[in-house]
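Have a look at the structure below before the remarks.
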Number of protein chains: 2
Amino acid sequence: MGAIQDAYADDVGHCYGCGRLNPHGHRLKSYWRDGVAEARHTPEPFHTAIPGFVYGGMIASLIDCHATGTAAAAAAEAAGVPVGSLRFVTARLEIDYLAPTPIGCELTLRGVPLEVGARKVVAEVTLSARGEARARARAVLVRMPETMTPPARG
Amino acid sequence: MGAIQDAYADDVGHCYGCGRLNPHGHRLKSYWRDGVAEARHTPEPFHTAIPGFVYGGMIASLIDCHATGTAAAAAAEAAGVPVGSLRFVTARLEIDYLAPTPIGCELTLRGVPLEVGARKVVAEVTLSARGEARARARAVLVRMPETMTPPARG
């Protein structure tokens with residue numbers, strides 16, 4: 001199966017963090033298998049906090065997009081609809097920065113759904129580098145509200 | 001007084017979110033006055049989530065850097081040392097996304113220290129657009145650990 005984000009509709013595929021249609025962004029790709037979402041990403045050398053380490057905003061960005069992807073996949077699977085047909089946004093994000101994240105190496109993300117409802121999903125995401133957890137988050141994701149639906153295009 | 005981030009030492013002035021020495025980054029500038037840190041920032045048009053709205057990772061990034069700036073200023077003031085001489089990093093970040101954040105307008109950030117210790121600060125940061133709060137965060141900031149000190153340069 002392809003990436004969760006690549007299955008999002010065109011209208012909602014422009015996210016700077018993970019949209020396949022945003023040429024400027026990070027284009028994170030999360031893959032859903034056996035109830036877990038996984039992703040790999042290597043930040044650019046300039047995504048630094050203190051030199052040598054990844055800045056916290058990038059870590060939050062990757063976790064945010066991976067969490068919404070985890071929710072999209074888990075909710076779609078539970079509803080028996082194609083992955084990508086349900087789009088979630090973040091309502092709450094709690095991140096513990098456990099250890100500095102070295103720059104220059106591939107980061108891995110693992111997303112596990114903790115609660116899966118039709119309109120709300122809670123997920124845990126762990127970001128690791130060199131086999132060690134560097135940040136762990138609990139995210140509350142909700143179905144994209146109608147007020148965020150992009151205007152129809154003619 | 002100039003921006004808090006512009007007072008950071010050169011060795012720790014490369015943050016992608018707020019470092020004056022990172023030509024690729026957002027270069028957020030937070031100003032400390034009367035016990036409150038304030039900043040203004042207009043994201044680029046491509047920093048989208050769903051089209052029309054700012055993506056959550058950017059909001060987290062701005063909040064993260066503004067919170068560390070708030071901590072740096074509050075702790076320096078409490079210690080009677082120059083603002084910028086103490087550098088903080090994020091240990092925990094809790095963000096509630098209250099309402100979608102429109103893109104294309106200036107965002108304002110307001111950081112208020114809730115607890116100020118020599119090694120740990122807790123701050124609340126509110127991000128607003130068009131006069132309405134869009135995200136509110138509680139951040140736990142700690143003094144930059146020795147293990148993150150960049151290597152001395154010759």
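Convention: chains lettered A, B, ... in structure tokens order; per-chain residue numbering from 1; ligands numbered from 1 as shown.
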
*Please provide the set of residues having any atom within 12 Å of A:Glu77, restricted to only C-alpha atoms, with same-chain residues fewer than 6 positions apart removed, written as a ChimeraX atom specification.*
/A:4,32-36,70-71,83-86,113,116-118

Those same residues, written as a PDB file, in the first residue's frame with N, CA and C atoms?
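The result, written out as result.pdb:
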ATOM      1  N   ILE A   4      -0.048   6.970   3.232  1.00  0.00           N
ATOM      2  CA  ILE A   4      -1.361   7.475   3.643  1.00  0.00           C
ATOM      3  C   ILE A   4      -1.606   8.843   3.008  1.00  0.00           C
ATOM      4  N   TRP A  32       0.899   2.573   6.571  1.00  0.00           N
ATOM      5  CA  TRP A  32       0.034   1.899   7.522  1.00  0.00           C
ATOM      6  C   TRP A  32       0.112   0.398   7.301  1.00  0.00           C
ATOM      7  N   ARG A  33       0.462  -0.316   8.349  1.00  0.00           N
ATOM      8  CA  ARG A  33       0.556  -1.774   8.230  1.00  0.00           C
ATOM      9  C   ARG A  33       0.322  -2.384   9.599  1.00  0.00           C
ATOM     10  N   ASP A  34      -0.602  -3.335   9.632  1.00  0.00           N
ATOM     11  CA  ASP A  34      -0.875  -4.080  10.871  1.00  0.00           C
ATOM     12  C   ASP A  34      -1.180  -3.168  12.056  1.00  0.00           C
ATOM     13  N   GLY A  35      -1.947  -2.113  11.781  1.00  0.00           N
ATOM     14  CA  GLY A  35      -2.407  -1.276  12.882  1.00  0.00           C
ATOM     15  C   GLY A  35      -1.409  -0.261  13.404  1.00  0.00           C
ATOM     16  N   VAL A  36      -0.318  -0.082  12.680  1.00  0.00           N
ATOM     17  CA  VAL A  36       0.709   0.874  13.106  1.00  0.00           C
ATOM     18  C   VAL A  36       1.110   1.716  11.882  1.00  0.00           C
ATOM     19  N   THR A  70      -1.878   8.754  10.960  1.00  0.00           N
ATOM     20  CA  THR A  70      -2.255   7.590  11.778  1.00  0.00           C
ATOM     21  C   THR A  70      -3.766   7.573  12.011  1.00  0.00           C
ATOM     22  N   ALA A  71      -4.316   8.734  12.333  1.00  0.00           N
ATOM     23  CA  ALA A  71      -5.757   8.839  12.576  1.00  0.00           C
ATOM     24  C   ALA A  71      -6.545   8.542  11.308  1.00  0.00           C
ATOM     25  N   VAL A  83      -8.403   4.057   2.824  1.00  0.00           N
ATOM     26  CA  VAL A  83      -7.484   4.959   3.525  1.00  0.00           C
ATOM     27  C   VAL A  83      -7.299   6.207   2.661  1.00  0.00           C
ATOM     28  N   GLY A  84      -7.384   7.369   3.287  1.00  0.00           N
ATOM     29  CA  GLY A  84      -7.249   8.632   2.562  1.00  0.00           C
ATOM     30  C   GLY A  84      -8.576   9.327   2.370  1.00  0.00           C
ATOM     31  N   SER A  85      -9.666   8.591   2.526  1.00  0.00           N
ATOM     32  CA  SER A  85     -10.984   9.204   2.297  1.00  0.00           C
ATOM     33  C   SER A  85     -11.482   9.982   3.508  1.00  0.00           C
ATOM     34  N   LEU A  86     -10.873   9.779   4.663  1.00  0.00           N
ATOM     35  CA  LEU A  86     -11.221  10.550   5.862  1.00  0.00           C
ATOM     36  C   LEU A  86      -9.992  11.388   6.225  1.00  0.00           C
ATOM     37  N   PRO A 113      -2.591   4.046  17.180  1.00  0.00           N
ATOM     38  CA  PRO A 113      -3.865   4.589  17.645  1.00  0.00           C
ATOM     39  C   PRO A 113      -4.220   4.030  19.020  1.00  0.00           C
ATOM     40  N   VAL A 116     -10.043   4.966  18.733  1.00  0.00           N
ATOM     41  CA  VAL A 116     -10.458   5.232  17.354  1.00  0.00           C
ATOM     42  C   VAL A 116     -11.973   5.390  17.312  1.00  0.00           C
ATOM     43  N   GLY A 117     -12.419   6.633  17.140  1.00  0.00           N
ATOM     44  CA  GLY A 117     -13.836   6.915  16.950  1.00  0.00           C
ATOM     45  C   GLY A 117     -14.068   7.435  15.548  1.00  0.00           C
ATOM     46  N   ALA A 118     -15.319   7.605  15.188  1.00  0.00           N
ATOM     47  CA  ALA A 118     -15.626   8.072  13.834  1.00  0.00           C
ATOM     48  C   ALA A 118     -15.166   9.512  13.629  1.00  0.00           C
TER      49      ALA A 118
END

The coordinates of chain A, once least-squares superposed on chain B over all sequentially paired C-alpha atoms, should be supplied as a compact mmCIF listing (two decimals) with N, CA and C atoms, in the first residue's frame.
# COMPACT_ATOMS: atom_id res chain seq x y z
N MET A 1 14.49 47.78 23.72
CA MET A 1 15.33 46.56 23.74
C MET A 1 15.09 45.75 22.47
N GLY A 2 16.16 45.14 21.94
CA GLY A 2 16.04 44.34 20.74
C GLY A 2 15.36 43.02 21.00
N ALA A 3 15.29 42.20 19.97
CA ALA A 3 14.64 40.90 20.11
C ALA A 3 15.45 39.99 21.03
N ILE A 4 14.72 39.16 21.77
CA ILE A 4 15.37 38.20 22.68
C ILE A 4 16.34 37.32 21.89
N GLN A 5 15.87 36.81 20.77
CA GLN A 5 16.69 35.86 20.00
C GLN A 5 17.96 36.51 19.45
N ASP A 6 17.89 37.82 19.19
CA ASP A 6 19.08 38.50 18.66
C ASP A 6 20.16 38.66 19.72
N ALA A 7 19.79 38.42 20.98
CA ALA A 7 20.77 38.50 22.07
C ALA A 7 21.41 37.15 22.38
N TYR A 8 20.94 36.07 21.74
CA TYR A 8 21.57 34.76 21.97
C TYR A 8 23.00 34.80 21.44
N ALA A 9 23.89 34.05 22.08
CA ALA A 9 25.28 33.96 21.61
C ALA A 9 25.32 33.35 20.20
N ASP A 10 26.38 33.67 19.47
CA ASP A 10 26.51 33.17 18.11
C ASP A 10 26.42 31.64 18.05
N ASP A 11 27.02 30.98 19.02
CA ASP A 11 27.05 29.51 19.02
C ASP A 11 25.66 28.89 19.10
N VAL A 12 24.71 29.62 19.63
CA VAL A 12 23.36 29.08 19.78
C VAL A 12 22.34 29.99 19.06
N GLY A 13 22.78 30.59 17.96
CA GLY A 13 21.93 31.51 17.22
C GLY A 13 21.52 31.00 15.86
N HIS A 14 21.54 29.66 15.69
CA HIS A 14 21.25 29.07 14.38
C HIS A 14 19.90 28.35 14.31
N CYS A 15 19.06 28.54 15.30
CA CYS A 15 17.78 27.81 15.28
C CYS A 15 16.99 28.13 14.01
N TYR A 16 16.45 27.08 13.39
CA TYR A 16 15.65 27.27 12.17
C TYR A 16 14.43 28.15 12.44
N GLY A 17 13.89 28.05 13.63
CA GLY A 17 12.69 28.84 13.95
C GLY A 17 12.99 30.29 14.27
N CYS A 18 14.12 30.56 14.94
CA CYS A 18 14.32 31.92 15.45
C CYS A 18 15.75 32.40 15.44
N GLY A 19 16.68 31.64 14.89
CA GLY A 19 18.09 32.07 14.94
C GLY A 19 18.38 33.14 13.90
N ARG A 20 19.04 34.20 14.35
CA ARG A 20 19.38 35.27 13.39
C ARG A 20 20.43 34.80 12.40
N LEU A 21 21.14 33.70 12.71
CA LEU A 21 22.23 33.21 11.86
C LEU A 21 21.79 32.07 10.95
N ASN A 22 20.50 31.78 10.89
CA ASN A 22 20.02 30.72 9.99
C ASN A 22 19.29 31.38 8.81
N PRO A 23 19.94 31.46 7.65
CA PRO A 23 19.34 32.19 6.52
C PRO A 23 18.12 31.49 5.93
N HIS A 24 17.92 30.20 6.26
CA HIS A 24 16.80 29.44 5.69
C HIS A 24 15.54 29.55 6.54
N GLY A 25 15.67 29.97 7.80
CA GLY A 25 14.59 29.76 8.76
C GLY A 25 13.60 30.90 8.87
N HIS A 26 12.76 30.81 9.89
CA HIS A 26 11.66 31.76 10.08
C HIS A 26 12.11 33.05 10.76
N ARG A 27 13.21 32.99 11.49
CA ARG A 27 13.77 34.16 12.19
C ARG A 27 12.72 34.92 13.01
N LEU A 28 12.00 34.17 13.79
CA LEU A 28 11.02 34.78 14.69
C LEU A 28 11.74 35.72 15.66
N LYS A 29 11.13 36.88 15.90
CA LYS A 29 11.69 37.87 16.83
C LYS A 29 10.68 38.11 17.95
N SER A 30 11.09 37.81 19.16
CA SER A 30 10.22 37.99 20.33
C SER A 30 10.76 39.15 21.17
N TYR A 31 9.86 39.98 21.63
CA TYR A 31 10.26 41.17 22.40
C TYR A 31 9.70 41.09 23.80
N TRP A 32 10.55 41.39 24.77
CA TRP A 32 10.22 41.26 26.18
C TRP A 32 9.95 42.63 26.77
N ARG A 33 8.78 42.79 27.34
CA ARG A 33 8.44 44.08 27.94
C ARG A 33 7.42 43.85 29.04
N ASP A 34 7.73 44.39 30.21
CA ASP A 34 6.79 44.32 31.35
C ASP A 34 6.34 42.90 31.65
N GLY A 35 7.29 41.96 31.57
CA GLY A 35 6.97 40.61 31.99
C GLY A 35 6.22 39.76 30.99
N VAL A 36 6.12 40.25 29.76
CA VAL A 36 5.40 39.50 28.72
C VAL A 36 6.27 39.51 27.45
N ALA A 37 6.28 38.41 26.73
CA ALA A 37 7.00 38.35 25.45
C ALA A 37 5.98 38.42 24.31
N GLU A 38 6.27 39.25 23.33
CA GLU A 38 5.36 39.38 22.19
C GLU A 38 6.13 39.23 20.89
N ALA A 39 5.46 38.67 19.90
CA ALA A 39 6.08 38.50 18.58
C ALA A 39 4.99 38.59 17.52
N ARG A 40 5.43 38.92 16.33
CA ARG A 40 4.53 38.96 15.18
C ARG A 40 5.20 38.22 14.03
N HIS A 41 4.43 37.47 13.29
CA HIS A 41 5.01 36.70 12.18
C HIS A 41 3.93 36.42 11.15
N THR A 42 4.31 36.56 9.90
CA THR A 42 3.39 36.23 8.80
C THR A 42 3.96 35.03 8.05
N PRO A 43 3.31 33.87 8.14
CA PRO A 43 3.80 32.69 7.41
C PRO A 43 3.77 32.93 5.90
N GLU A 44 4.59 32.17 5.21
CA GLU A 44 4.59 32.23 3.74
C GLU A 44 3.31 31.56 3.21
N PRO A 45 2.92 31.92 1.98
CA PRO A 45 1.69 31.34 1.41
C PRO A 45 1.71 29.81 1.35
N PHE A 46 2.90 29.22 1.26
CA PHE A 46 2.98 27.76 1.13
C PHE A 46 3.01 27.03 2.46
N HIS A 47 2.93 27.76 3.56
CA HIS A 47 2.89 27.09 4.87
C HIS A 47 1.48 26.65 5.22
N THR A 48 0.85 25.96 4.31
CA THR A 48 -0.56 25.61 4.45
C THR A 48 -0.76 24.22 5.06
N ALA A 49 -1.92 24.08 5.69
CA ALA A 49 -2.44 22.75 6.06
C ALA A 49 -3.43 22.42 4.95
N ILE A 50 -4.71 22.47 5.27
CA ILE A 50 -5.75 22.55 4.26
C ILE A 50 -5.59 23.93 3.62
N PRO A 51 -5.76 24.06 2.29
CA PRO A 51 -5.58 25.37 1.67
C PRO A 51 -6.40 26.46 2.39
N GLY A 52 -5.75 27.59 2.64
CA GLY A 52 -6.41 28.70 3.33
C GLY A 52 -6.03 28.81 4.80
N PHE A 53 -5.38 27.77 5.33
CA PHE A 53 -5.07 27.75 6.76
C PHE A 53 -3.59 27.39 7.00
N VAL A 54 -3.08 27.90 8.10
CA VAL A 54 -1.68 27.64 8.44
C VAL A 54 -1.54 26.21 8.98
N TYR A 55 -0.49 25.54 8.59
CA TYR A 55 -0.36 24.14 9.04
C TYR A 55 0.11 24.08 10.49
N GLY A 56 -0.30 23.02 11.15
CA GLY A 56 -0.09 22.90 12.59
C GLY A 56 1.38 22.87 12.99
N GLY A 57 2.22 22.37 12.12
CA GLY A 57 3.64 22.31 12.43
C GLY A 57 4.26 23.71 12.51
N MET A 58 3.80 24.61 11.65
CA MET A 58 4.29 25.99 11.72
C MET A 58 3.82 26.65 13.02
N ILE A 59 2.58 26.40 13.37
CA ILE A 59 2.05 26.96 14.62
C ILE A 59 2.86 26.44 15.81
N ALA A 60 3.15 25.15 15.80
CA ALA A 60 3.96 24.56 16.87
C ALA A 60 5.37 25.15 16.88
N SER A 61 5.93 25.38 15.70
CA SER A 61 7.28 25.93 15.60
C SER A 61 7.34 27.33 16.19
N LEU A 62 6.40 28.16 15.82
CA LEU A 62 6.39 29.54 16.33
C LEU A 62 6.20 29.54 17.84
N ILE A 63 5.29 28.70 18.31
CA ILE A 63 5.04 28.63 19.76
C ILE A 63 6.29 28.13 20.48
N ASP A 64 6.94 27.13 19.93
CA ASP A 64 8.13 26.56 20.55
C ASP A 64 9.21 27.63 20.72
N CYS A 65 9.52 28.33 19.64
CA CYS A 65 10.58 29.35 19.71
C CYS A 65 10.17 30.52 20.59
N HIS A 66 8.92 30.88 20.55
CA HIS A 66 8.47 32.00 21.39
C HIS A 66 8.50 31.60 22.87
N ALA A 67 8.20 30.36 23.14
CA ALA A 67 8.24 29.88 24.53
C ALA A 67 9.67 29.84 25.07
N THR A 68 10.62 29.37 24.24
CA THR A 68 12.00 29.36 24.72
C THR A 68 12.50 30.79 24.90
N GLY A 69 12.07 31.68 24.04
CA GLY A 69 12.43 33.09 24.21
C GLY A 69 11.83 33.69 25.48
N THR A 70 10.60 33.37 25.74
CA THR A 70 9.93 33.84 26.97
C THR A 70 10.70 33.35 28.20
N ALA A 71 11.09 32.09 28.18
CA ALA A 71 11.84 31.51 29.30
C ALA A 71 13.19 32.19 29.46
N ALA A 72 13.88 32.39 28.33
CA ALA A 72 15.21 33.02 28.38
C ALA A 72 15.11 34.42 29.00
N ALA A 73 14.11 35.17 28.60
CA ALA A 73 13.97 36.54 29.11
C ALA A 73 13.54 36.55 30.57
N ALA A 74 12.58 35.72 30.90
CA ALA A 74 12.06 35.71 32.27
C ALA A 74 13.13 35.24 33.25
N ALA A 75 13.88 34.21 32.88
CA ALA A 75 14.92 33.68 33.78
C ALA A 75 16.07 34.67 33.92
N ALA A 76 16.43 35.32 32.83
CA ALA A 76 17.52 36.30 32.89
C ALA A 76 17.11 37.48 33.77
N GLU A 77 15.90 37.94 33.60
CA GLU A 77 15.42 39.06 34.42
C GLU A 77 15.43 38.67 35.90
N ALA A 78 14.95 37.46 36.19
CA ALA A 78 14.90 37.00 37.59
C ALA A 78 16.30 36.88 38.19
N ALA A 79 17.26 36.49 37.34
CA ALA A 79 18.63 36.29 37.83
C ALA A 79 19.45 37.58 37.80
N GLY A 80 18.91 38.62 37.20
CA GLY A 80 19.65 39.88 37.12
C GLY A 80 20.83 39.83 36.16
N VAL A 81 20.68 39.01 35.10
CA VAL A 81 21.74 38.92 34.08
C VAL A 81 21.16 39.38 32.75
N PRO A 82 22.01 39.69 31.77
CA PRO A 82 21.48 40.20 30.50
C PRO A 82 20.58 39.18 29.78
N VAL A 83 19.50 39.66 29.22
CA VAL A 83 18.63 38.80 28.41
C VAL A 83 19.47 38.24 27.26
N GLY A 84 19.36 36.94 27.03
CA GLY A 84 20.13 36.29 25.97
C GLY A 84 21.27 35.47 26.52
N SER A 85 21.65 35.72 27.76
CA SER A 85 22.80 34.99 28.33
C SER A 85 22.41 33.62 28.86
N LEU A 86 21.12 33.37 29.03
CA LEU A 86 20.65 32.04 29.45
C LEU A 86 19.82 31.48 28.29
N ARG A 87 20.13 30.25 27.88
CA ARG A 87 19.44 29.66 26.73
C ARG A 87 18.64 28.45 27.21
N PHE A 88 17.39 28.42 26.83
CA PHE A 88 16.49 27.35 27.24
C PHE A 88 16.10 26.48 26.04
N VAL A 89 15.76 25.22 26.33
CA VAL A 89 15.22 24.32 25.31
C VAL A 89 13.91 23.73 25.84
N THR A 90 13.15 23.16 24.94
CA THR A 90 11.81 22.70 25.29
C THR A 90 11.84 21.28 25.81
N ALA A 91 11.23 21.06 26.96
CA ALA A 91 11.13 19.71 27.52
C ALA A 91 9.75 19.12 27.24
N ARG A 92 8.74 19.98 27.28
CA ARG A 92 7.37 19.52 27.02
C ARG A 92 6.56 20.65 26.41
N LEU A 93 5.73 20.28 25.46
CA LEU A 93 4.91 21.26 24.76
C LEU A 93 3.50 20.69 24.65
N GLU A 94 2.53 21.43 25.16
CA GLU A 94 1.13 21.01 25.08
C GLU A 94 0.39 22.10 24.33
N ILE A 95 -0.13 21.76 23.17
CA ILE A 95 -0.80 22.77 22.34
C ILE A 95 -2.25 22.39 22.13
N ASP A 96 -3.14 23.32 22.41
CA ASP A 96 -4.54 23.17 22.01
C ASP A 96 -4.78 24.03 20.79
N TYR A 97 -5.20 23.37 19.72
CA TYR A 97 -5.56 24.10 18.50
C TYR A 97 -7.03 24.48 18.63
N LEU A 98 -7.26 25.75 18.91
CA LEU A 98 -8.61 26.21 19.29
C LEU A 98 -9.50 26.46 18.09
N ALA A 99 -8.90 26.96 17.03
CA ALA A 99 -9.67 27.32 15.83
C ALA A 99 -8.70 27.32 14.66
N PRO A 100 -9.18 27.08 13.45
CA PRO A 100 -8.29 27.14 12.29
C PRO A 100 -7.61 28.52 12.20
N THR A 101 -6.35 28.53 11.79
CA THR A 101 -5.57 29.77 11.69
C THR A 101 -5.49 30.18 10.22
N PRO A 102 -6.10 31.31 9.87
CA PRO A 102 -6.09 31.72 8.46
C PRO A 102 -4.69 32.07 7.99
N ILE A 103 -4.40 31.76 6.75
CA ILE A 103 -3.10 32.12 6.18
C ILE A 103 -3.24 33.46 5.46
N GLY A 104 -2.11 34.16 5.32
CA GLY A 104 -2.15 35.44 4.61
C GLY A 104 -2.30 36.64 5.52
N CYS A 105 -2.31 36.42 6.81
CA CYS A 105 -2.39 37.56 7.73
C CYS A 105 -1.31 37.40 8.80
N GLU A 106 -1.02 38.51 9.48
CA GLU A 106 -0.01 38.48 10.53
C GLU A 106 -0.53 37.74 11.74
N LEU A 107 0.31 36.88 12.29
CA LEU A 107 -0.02 36.18 13.53
C LEU A 107 0.68 36.89 14.69
N THR A 108 0.04 36.92 15.84
CA THR A 108 0.67 37.50 17.02
C THR A 108 0.82 36.42 18.07
N LEU A 109 1.93 36.49 18.79
CA LEU A 109 2.19 35.54 19.88
C LEU A 109 2.41 36.31 21.16
N ARG A 110 1.86 35.78 22.23
CA ARG A 110 2.01 36.40 23.54
C ARG A 110 2.46 35.31 24.51
N GLY A 111 3.60 35.52 25.13
CA GLY A 111 4.15 34.53 26.06
C GLY A 111 4.19 35.08 27.47
N VAL A 112 3.63 34.33 28.39
CA VAL A 112 3.57 34.76 29.79
C VAL A 112 4.23 33.67 30.65
N PRO A 113 5.25 34.01 31.43
CA PRO A 113 5.83 33.00 32.31
C PRO A 113 4.90 32.69 33.47
N LEU A 114 4.70 31.39 33.73
CA LEU A 114 3.83 30.97 34.83
C LEU A 114 4.65 30.58 36.06
N GLU A 115 5.81 30.00 35.82
CA GLU A 115 6.76 29.65 36.90
C GLU A 115 8.15 29.96 36.36
N VAL A 116 8.97 30.58 37.19
CA VAL A 116 10.32 30.94 36.74
C VAL A 116 11.34 30.44 37.76
N GLY A 117 12.05 29.38 37.39
CA GLY A 117 13.15 28.89 38.21
C GLY A 117 14.46 29.09 37.49
N ALA A 118 15.55 28.81 38.17
CA ALA A 118 16.86 29.02 37.55
C ALA A 118 17.09 28.04 36.40
N ARG A 119 16.51 26.85 36.51
CA ARG A 119 16.76 25.84 35.49
C ARG A 119 15.50 25.41 34.76
N LYS A 120 14.35 25.85 35.23
CA LYS A 120 13.08 25.43 34.61
C LYS A 120 12.09 26.58 34.61
N VAL A 121 11.47 26.78 33.50
CA VAL A 121 10.43 27.81 33.38
C VAL A 121 9.20 27.16 32.75
N VAL A 122 8.04 27.51 33.23
CA VAL A 122 6.78 27.12 32.59
C VAL A 122 6.16 28.37 32.00
N ALA A 123 5.76 28.30 30.76
CA ALA A 123 5.20 29.48 30.10
C ALA A 123 3.91 29.12 29.37
N GLU A 124 3.04 30.10 29.27
CA GLU A 124 1.84 29.95 28.44
C GLU A 124 2.02 30.84 27.22
N VAL A 125 1.74 30.28 26.06
CA VAL A 125 1.84 31.06 24.82
C VAL A 125 0.50 30.98 24.09
N THR A 126 0.02 32.14 23.68
CA THR A 126 -1.21 32.21 22.89
C THR A 126 -0.88 32.76 21.51
N LEU A 127 -1.35 32.07 20.49
CA LEU A 127 -1.16 32.52 19.11
C LEU A 127 -2.51 32.99 18.59
N SER A 128 -2.53 34.22 18.08
CA SER A 128 -3.79 34.81 17.61
C SER A 128 -3.67 35.26 16.16
N ALA A 129 -4.82 35.33 15.50
CA ALA A 129 -4.92 35.88 14.15
C ALA A 129 -6.21 36.68 14.09
N ARG A 130 -6.12 37.84 13.50
CA ARG A 130 -7.31 38.72 13.39
C ARG A 130 -8.01 38.90 14.73
N GLY A 131 -7.19 39.04 15.78
CA GLY A 131 -7.72 39.34 17.11
C GLY A 131 -8.33 38.18 17.86
N GLU A 132 -8.24 36.98 17.28
CA GLU A 132 -8.86 35.81 17.91
C GLU A 132 -7.80 34.76 18.22
N ALA A 133 -7.85 34.22 19.44
CA ALA A 133 -6.89 33.16 19.80
C ALA A 133 -7.16 31.93 18.95
N ARG A 134 -6.09 31.38 18.34
CA ARG A 134 -6.21 30.20 17.47
C ARG A 134 -5.54 28.98 18.09
N ALA A 135 -4.53 29.22 18.90
CA ALA A 135 -3.85 28.11 19.59
C ALA A 135 -3.34 28.63 20.92
N ARG A 136 -3.36 27.73 21.90
CA ARG A 136 -2.84 28.11 23.22
C ARG A 136 -1.99 26.95 23.72
N ALA A 137 -0.84 27.27 24.28
CA ALA A 137 0.09 26.22 24.69
C ALA A 137 0.62 26.47 26.08
N ARG A 138 0.96 25.37 26.73
CA ARG A 138 1.72 25.38 27.97
C ARG A 138 3.03 24.68 27.65
N ALA A 139 4.12 25.36 27.93
CA ALA A 139 5.43 24.80 27.59
C ALA A 139 6.28 24.72 28.83
N VAL A 140 7.03 23.64 28.94
CA VAL A 140 8.01 23.48 30.01
C VAL A 140 9.39 23.60 29.36
N LEU A 141 10.13 24.60 29.81
CA LEU A 141 11.43 24.89 29.23
C LEU A 141 12.51 24.64 30.28
N VAL A 142 13.61 24.09 29.85
CA VAL A 142 14.72 23.84 30.78
C VAL A 142 15.99 24.45 30.22
N ARG A 143 16.91 24.79 31.14
CA ARG A 143 18.20 25.34 30.69
C ARG A 143 18.86 24.35 29.76
N MET A 144 19.46 24.88 28.72
CA MET A 144 20.12 24.04 27.73
C MET A 144 21.13 23.13 28.42
N PRO A 145 20.98 21.80 28.25
CA PRO A 145 21.92 20.90 28.92
C PRO A 145 23.32 21.00 28.31
N GLU A 146 24.32 20.68 29.12
CA GLU A 146 25.72 20.73 28.67
C GLU A 146 25.94 19.83 27.46
N THR A 147 25.16 18.73 27.40
CA THR A 147 25.35 17.79 26.28
C THR A 147 24.93 18.40 24.94
N MET A 148 24.24 19.53 24.97
CA MET A 148 23.86 20.17 23.72
C MET A 148 24.80 21.33 23.36
N THR A 149 25.74 21.63 24.19
CA THR A 149 26.64 22.74 23.89
C THR A 149 27.42 22.43 22.63
N PRO A 150 27.41 23.33 21.65
CA PRO A 150 28.16 23.04 20.44
C PRO A 150 29.66 22.98 20.74
N PRO A 151 30.38 22.18 19.98
CA PRO A 151 31.84 22.12 20.21
C PRO A 151 32.47 23.50 19.99
N ALA A 152 33.48 23.78 20.80
CA ALA A 152 34.21 25.05 20.64
C ALA A 152 34.83 25.10 19.26
N ARG A 153 34.87 26.27 18.71
CA ARG A 153 35.46 26.42 17.37
C ARG A 153 36.83 27.05 17.48
N GLY A 154 37.76 26.57 16.68
CA GLY A 154 39.16 27.01 16.79
C GLY A 154 39.40 28.37 16.14

_chain A: residues DSSP assigns to helix (DSSP H, G or I), reported as a ChimeraX atom specification_ = /A:5-7,10-12,56-79,146-148
